[in-house]
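A.B. asks: To start, I am sharing the structure in question, which I have written as structure tokens.
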Amino acid sequence: MERKIYLENTPLEKAINMFFEKAEGYIKYRKTEKINSQDSLGRMTASPVFAHLSSPHFHAAAMDGIAVKAEKTFKATELNPVRLKKGVDYVEVDTGNPLPEGFNAVIMIEDVVSVDNETVEIIQPAVPYQHVRPIGEDIVATELILPTNHKIRPWDLAALLAAGIDFLEVYKKVEVGIIPTGVELVPAGTVPEIGQIIEFNSHFFAALVKEWGGIPHSYDIVPDEYEVLKKTVEKALSENDFVIINAGSSAGRKDYTSKLISEMGELLIHGIATKPGKPAILGFIQNKPVIGVPGYPVSAYFVMDFFVKPLIAKLNFQQLPYAKKIEAVISRRVVSSLKSEDFIPVKLGKVKEKIVATPINKGAGVIMSLVRADGVMCIPQHIEGIEAGEKIKVELWKSLESIENTVVCIGSHDPLIDIIGDLLSSHYSLFSLSSAHVGSMGGIMALKRGECHAAGIHLLDAETGQYNIPYIKRYLKDNEVLLFHLVERIQGFLVQKGNPLNIKNFADLIRPEVTFINRQKGSGTRLLLDYKLKESGIDSKKIIGYNREEFTHLAVAAEVKAGSAATGLGIMSAAKAMGLDFVPVCSEHYDIAILKEYMNLESVKAFIEIIRSREFKEKAEGLGGYNTEKAGILYYEG
Ligand SMILES: Nc1nc2c(c(=O)[nH]1)N[C@H]1C(S)=C(S)[C@@H](COP(=O)(O)OP(=O)(O)OC[C@H]3O[C@@H](n4cnc5c(N)ncnc54)[C@H](O)[C@@H]3O)O[C@H]1N2
Ligand code: MOO
């Protein structure tokens, strides 16, 4: 099997146009079916629907009271009440009852004075047909209830039934075949061995298809064998309106999808100018659309969103679900490829009047970036990147109200921030926490720019040996800042189980067999390392890997776990999380800085309450490596 190395780079808009132009003829002819009106919610009418019955189909009392002959009441006044005889001049009726023969108005029971069991008195005349719902007030038999191409809403469904329409003709729901491919895949529910991956994309796609109004049919995992894939595609085509083939879309040795589409039908496009989503495949077999969706889930989501969502909408004769967009400022610099339109999931929060977007650009394989996202931003092609503080458009995945109730905490990474976030939303259902890890200095700068409420910081001042306060004095001198203790935390070397290289102190870092993974400039851990190196007179140039940077403790731990570095400086919880050993070397202050003006926000008050809670302290102590004695104490105002 030859590899297909060359992928096209068709701009997204062009790809969409080409694809839907070609699909146009197919989209026009849709199958219809008769369904029970009671099950018609959300379906599209395929022909006009006319009323079988009128509603009401008899004159009906509109109020509880008495049915009268209006003429007999005309003389009634307060001074000269009119008396009416039961059965002759009036009949008792309840709302909805048919108006008895010969009667033409209803008087509300509140306006009727009972004289005896057989007689009532009234002091106001009744107008003919007052409080009567005449035949056909709501619906007249034969009138148009719903036009063609109308999506049935709850009240439409009610009107259909009221008009005596028990069955109606709707378009058949689009049926979508989903074929997962790859020998490495094992069905969800299996414990995967090394090299095996749990197959979740077909379930992910099926859920998307349902959400977008289609009926998914997933097929068994197809190993990377051309003939098996061909057979499955043939079967799926015969059973569905279109087919999605998952994975095998790029340049791997067994990436067959594009070859198969060219051989069985017409390959329209292989490769679009987006990131992620680049290896998308668009084609037609027997005139039915066949879409090759990349294996990486984030890449897959965007290809589904670009092509499958509108295709389902068109085949269902429905409008695309409305995507709400807002303007936000971006909290940190994002570099972007000149060759592609970049789609990046973001976390959102509102600080003062600004909506702040923090990009979660973790790569196409990280499904958690979608789980954590509140929206998606797009950087157009031919733009190299966006600077922190610039405005961007964001597609919203969450209500503006919940974004307004989000505490934005930007700064140094610590798993405690996730714990605070979880406690905040579990104790205060309205509030949530959005955190971004950009290092302590990044947090201070975000506070200064008004892009976060709180910053998690642990900045050691090399001159004074003091934590955080000197930095606040220097960088936030124009702001009123409150500094709260969070924890004292132990920093140490993350090493393989058993510490095979026997790394004990900073001097060990320059041993030739010790490779290092560093944290990014501006992070507190980096400052701590540099301070300690200087203190011990160690030249950082002698450390192999000093220039390799990661953004979080966990990322450092992952590098050590994978063996690409022997050690890195980090916190105990990161070592524990990755099953590594931890060699403590020093402790530091991790504090929370908050601008005073945000302290009147209920969400920020709740955030502080959580930090002070016993539950938080217990959870933090449980992780190991933290002293929470002073958590939540305000110790500096500047
Ligand atoms: N040399 C090149 N390599 C890659 C390129 C390239 O242009 N040249 N493109 C990269 C990009 S971009 C993407 S996106 C991926 C797309 O990969 P494929 O669509 O070929 O998919 P696989 O390689 O088979 O799988 C990728 C990844 O996804 C996992 N996967 C696949 N199916 C499922 C499923 N049903 N459930 C869960 N996970 C699934 C699979 O195990 C792999 O880990 O290619 C890059 N490579
Ligand atoms: O589509 Mo790939 O996901 O560009 O990374």
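Residues are referred to by chain and number: the chain letter is A, B, ... according to the order shown in the structure tokens, the number counts from 1 in that chain, and ligands are numbered separately from 1 in the order shown.
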Using only C-alpha atoms and all ligand atoms, which residues have at least one atom no more than 10 Å from ligand 2? Output them as a ChimeraX atom specification.

C.D. replies: /A:249-250,271-280,293-303,340,342-343,363-366

A.B. asks: Can you pull out the residues contacting A:Ile165? Cut-off 9 Å, using only C-alpha atoms, and skip same-chain residues under 5 positions away; I want them as a PDB file with C-alpha atoms, in the first residue's frame.

C.D. replies:
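After the write, around-v5.pdb holds the following:
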ATOM      1  CA  ASN A  36     -48.260   9.965  14.157  1.00  0.00           C
ATOM      2  CA  SER A  37     -48.773  13.646  15.008  1.00  0.00           C
ATOM      3  CA  VAL A  49     -51.324  20.344   6.599  1.00  0.00           C
ATOM      4  CA  PHE A  50     -55.033  21.363   6.565  1.00  0.00           C
ATOM      5  CA  ALA A  51     -57.465  21.062   9.499  1.00  0.00           C
ATOM      6  CA  HIS A  52     -59.809  18.065   9.489  1.00  0.00           C
ATOM      7  CA  LEU A  53     -61.994  19.464  12.299  1.00  0.00           C
ATOM      8  CA  ALA A 159     -52.702  22.493  17.005  1.00  0.00           C
ATOM      9  CA  LEU A 160     -52.358  19.395  14.782  1.00  0.00           C
TER      10      LEU A 160
END

A.B. asks: When you look at A:Ile197 with a cut-off of 7 Å (counting only C-alpha atoms), what residues show up, excluding the ones that are within fewer than 2 positions of it in the same chain? I need them as an mmCIF file with N, CA and C atoms, in the first residue's frame.

C.D. replies:
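Contents of selection_29.cif, freshly written:
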data_model
loop_
_atom_site.group_PDB
_atom_site.id
_atom_site.type_symbol
_atom_site.label_atom_id
_atom_site.label_comp_id
_atom_site.auth_asym_id
_atom_site.auth_seq_id
_atom_site.Cartn_x
_atom_site.Cartn_y
_atom_site.Cartn_z
ATOM 1 N N GLU A 184 -5.954 -0.422 16.170
ATOM 2 C CA GLU A 184 -5.614 -0.145 17.575
ATOM 3 C C GLU A 184 -6.856 0.028 18.445
ATOM 4 N N LEU A 185 -8.029 0.107 17.817
ATOM 5 C CA LEU A 185 -9.233 0.445 18.575
ATOM 6 C C LEU A 185 -9.867 -0.768 19.240
ATOM 7 N N VAL A 186 -10.326 -0.561 20.478
ATOM 8 C CA VAL A 186 -11.118 -1.595 21.160
ATOM 9 C C VAL A 186 -12.419 -0.946 21.610
ATOM 10 N N PRO A 192 -8.110 -1.196 27.913
ATOM 11 C CA PRO A 192 -7.143 -1.246 26.808
ATOM 12 C C PRO A 192 -5.750 -1.682 27.256
ATOM 13 N N GLY A 195 -0.898 0.187 23.519
ATOM 14 C CA GLY A 195 -1.076 0.249 22.064
ATOM 15 C C GLY A 195 -2.539 0.263 21.655
ATOM 16 N N GLU A 199 -12.319 3.004 21.649
ATOM 17 C CA GLU A 199 -13.020 3.605 20.516
ATOM 18 C C GLU A 199 -14.171 4.459 21.051
#

A.B. asks: Please identify the strand (DSSP E) residues within stretch 389-567 of chain A (assignment by DSSP from backbone atoms) and present them as a ChimeraX atom specification.

C.D. replies: /A:391-396,406-411,432-437,454-457,481-495,516-519,549-550,567

A.B. asks: Do you have the atom CA of A:Ile139-atom CA of A:Gly102 distance handy?

C.D. replies: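 Calculated distance between atom CA of A:Ile139 and atom CA of A:Gly102 is 23.9 Å.
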
A.B. asks: Do you have the atom CA of A:Leu595-atom CA of A:Ser440 distance handy?

C.D. replies: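 Atom-to-atom, atom CA of A:Leu595 to atom CA of A:Ser440, that is 15.3 Å.
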
A.B. asks: Do a neighbour search on A:Cys452 at 8 Å with only C-alpha atoms, toss out local chain neighbours closer than 6 positions, and write the hits as a PyMOL selection string.

C.D. replies: chain A and resi 351+356+407-410+443+446

A.B. asks: Quick one: pull the distance between atom CA of A:Leu320 and atom CA of A:Glu24, Å, one decimal.

C.D. replies: 15.9 Å

A.B. asks: Can you tell me which residues surround A:Val514 at a distance of at most 10 Å, considering only C-alpha atoms, apart from same-chain residues fewer than 2 positions away, and format the answer as a ChimeraX atom specification?

C.D. replies: /A:501-503,508-512,516,543-545,565-567

A.B. asks: Store the residues picked out above in a file with C-alpha atoms, as a compact mmCIF listing (two decimals), in the first residue's frame.

C.D. replies:
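Generated file (again_6.txt):
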# COMPACT_ATOMS: atom_id res chain seq x y z
CA LEU A 501 19.94 8.53 39.05
CA ASN A 502 19.98 9.43 42.74
CA ILE A 503 19.17 13.09 42.19
CA ASP A 508 23.08 16.94 40.70
CA LEU A 509 21.45 18.73 37.77
CA ILE A 510 24.77 19.33 36.04
CA ARG A 511 25.80 15.69 36.08
CA PRO A 512 26.17 14.61 32.42
CA PHE A 516 16.25 18.27 32.71
CA ILE A 543 22.15 21.76 32.75
CA ILE A 544 21.14 19.60 29.80
CA GLY A 545 17.57 20.55 28.90
CA ALA A 565 13.92 13.97 30.80
CA ALA A 566 15.39 12.51 33.97
CA THR A 567 13.95 15.21 36.18

A.B. asks: List every residue of stretch 441-544 of chain A that DSSP, applied to the backbone of this structure, assigns to helix (DSSP H, G or I), and report them as a VMD selection string.

C.D. replies: chain A and resid 441 to 448 469 to 475 506 to 510 524 to 535 540 to 542

A.B. asks: Find the residues around stretch 467-478 of chain A up to 8 Å (only C-alpha atoms counted), leave out those fewer than 6 positions away in its own chain, and share them as JSON, numbers by chain.

C.D. replies: {"A": [444, 445, 448, 457, 458, 459, 460, 461, 588, 589, 591, 636, 638]}

A.B. asks: With only C-alpha atoms as the counted atoms, please give the residues lying no more than 10 Å from A:Asn240, apart from itself and same-chain residues fewer than 5 positions off, as a list of chain:residue names.

C.D. replies: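 Skipping anything fewer than 5 positions along the chain leaves A:Val174, A:Glu175, A:Val176, A:Gly177, A:Ile178, A:Ile215, A:Pro216, A:His217, A:Lys235, A:Lys288.
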
A.B. asks: Put those residues in a file: N, CA and C atoms, as a PDB file, in the first residue's frame.

C.D. replies:
ATOM      1  N   VAL A 174     -32.677  12.213   8.439  1.00  0.00           N
ATOM      2  CA  VAL A 174     -31.446  11.803   7.772  1.00  0.00           C
ATOM      3  C   VAL A 174     -30.806  10.658   8.552  1.00  0.00           C
ATOM      4  N   GLU A 175     -30.428   9.619   7.833  1.00  0.00           N
ATOM      5  CA  GLU A 175     -29.745   8.506   8.497  1.00  0.00           C
ATOM      6  C   GLU A 175     -28.268   8.526   8.109  1.00  0.00           C
ATOM      7  N   VAL A 176     -27.429   8.466   9.122  1.00  0.00           N
ATOM      8  CA  VAL A 176     -25.993   8.657   8.908  1.00  0.00           C
ATOM      9  C   VAL A 176     -25.225   7.414   9.346  1.00  0.00           C
ATOM     10  N   GLY A 177     -24.462   6.842   8.435  1.00  0.00           N
ATOM     11  CA  GLY A 177     -23.628   5.680   8.757  1.00  0.00           C
ATOM     12  C   GLY A 177     -22.293   6.155   9.300  1.00  0.00           C
ATOM     13  N   ILE A 178     -21.859   5.556  10.409  1.00  0.00           N
ATOM     14  CA  ILE A 178     -20.594   5.962  11.041  1.00  0.00           C
ATOM     15  C   ILE A 178     -19.688   4.735  11.117  1.00  0.00           C
ATOM     16  N   ILE A 215     -30.332  10.496  12.427  1.00  0.00           N
ATOM     17  CA  ILE A 215     -30.352   9.193  13.103  1.00  0.00           C
ATOM     18  C   ILE A 215     -29.024   8.502  12.799  1.00  0.00           C
ATOM     19  N   PRO A 216     -28.206   8.277  13.826  1.00  0.00           N
ATOM     20  CA  PRO A 216     -26.909   7.645  13.569  1.00  0.00           C
ATOM     21  C   PRO A 216     -27.014   6.116  13.523  1.00  0.00           C
ATOM     22  N   HIS A 217     -26.241   5.506  12.648  1.00  0.00           N
ATOM     23  CA  HIS A 217     -26.081   4.045  12.664  1.00  0.00           C
ATOM     24  C   HIS A 217     -24.581   3.766  12.676  1.00  0.00           C
ATOM     25  N   LYS A 235     -22.153  -1.481   2.482  1.00  0.00           N
ATOM     26  CA  LYS A 235     -23.316  -1.777   3.321  1.00  0.00           C
ATOM     27  C   LYS A 235     -23.875  -0.476   3.919  1.00  0.00           C
ATOM     28  N   LYS A 288     -23.946   9.565  -3.230  1.00  0.00           N
ATOM     29  CA  LYS A 288     -24.163   9.881  -1.814  1.00  0.00           C
ATOM     30  C   LYS A 288     -22.869  10.446  -1.220  1.00  0.00           C
TER      31      LYS A 288
END
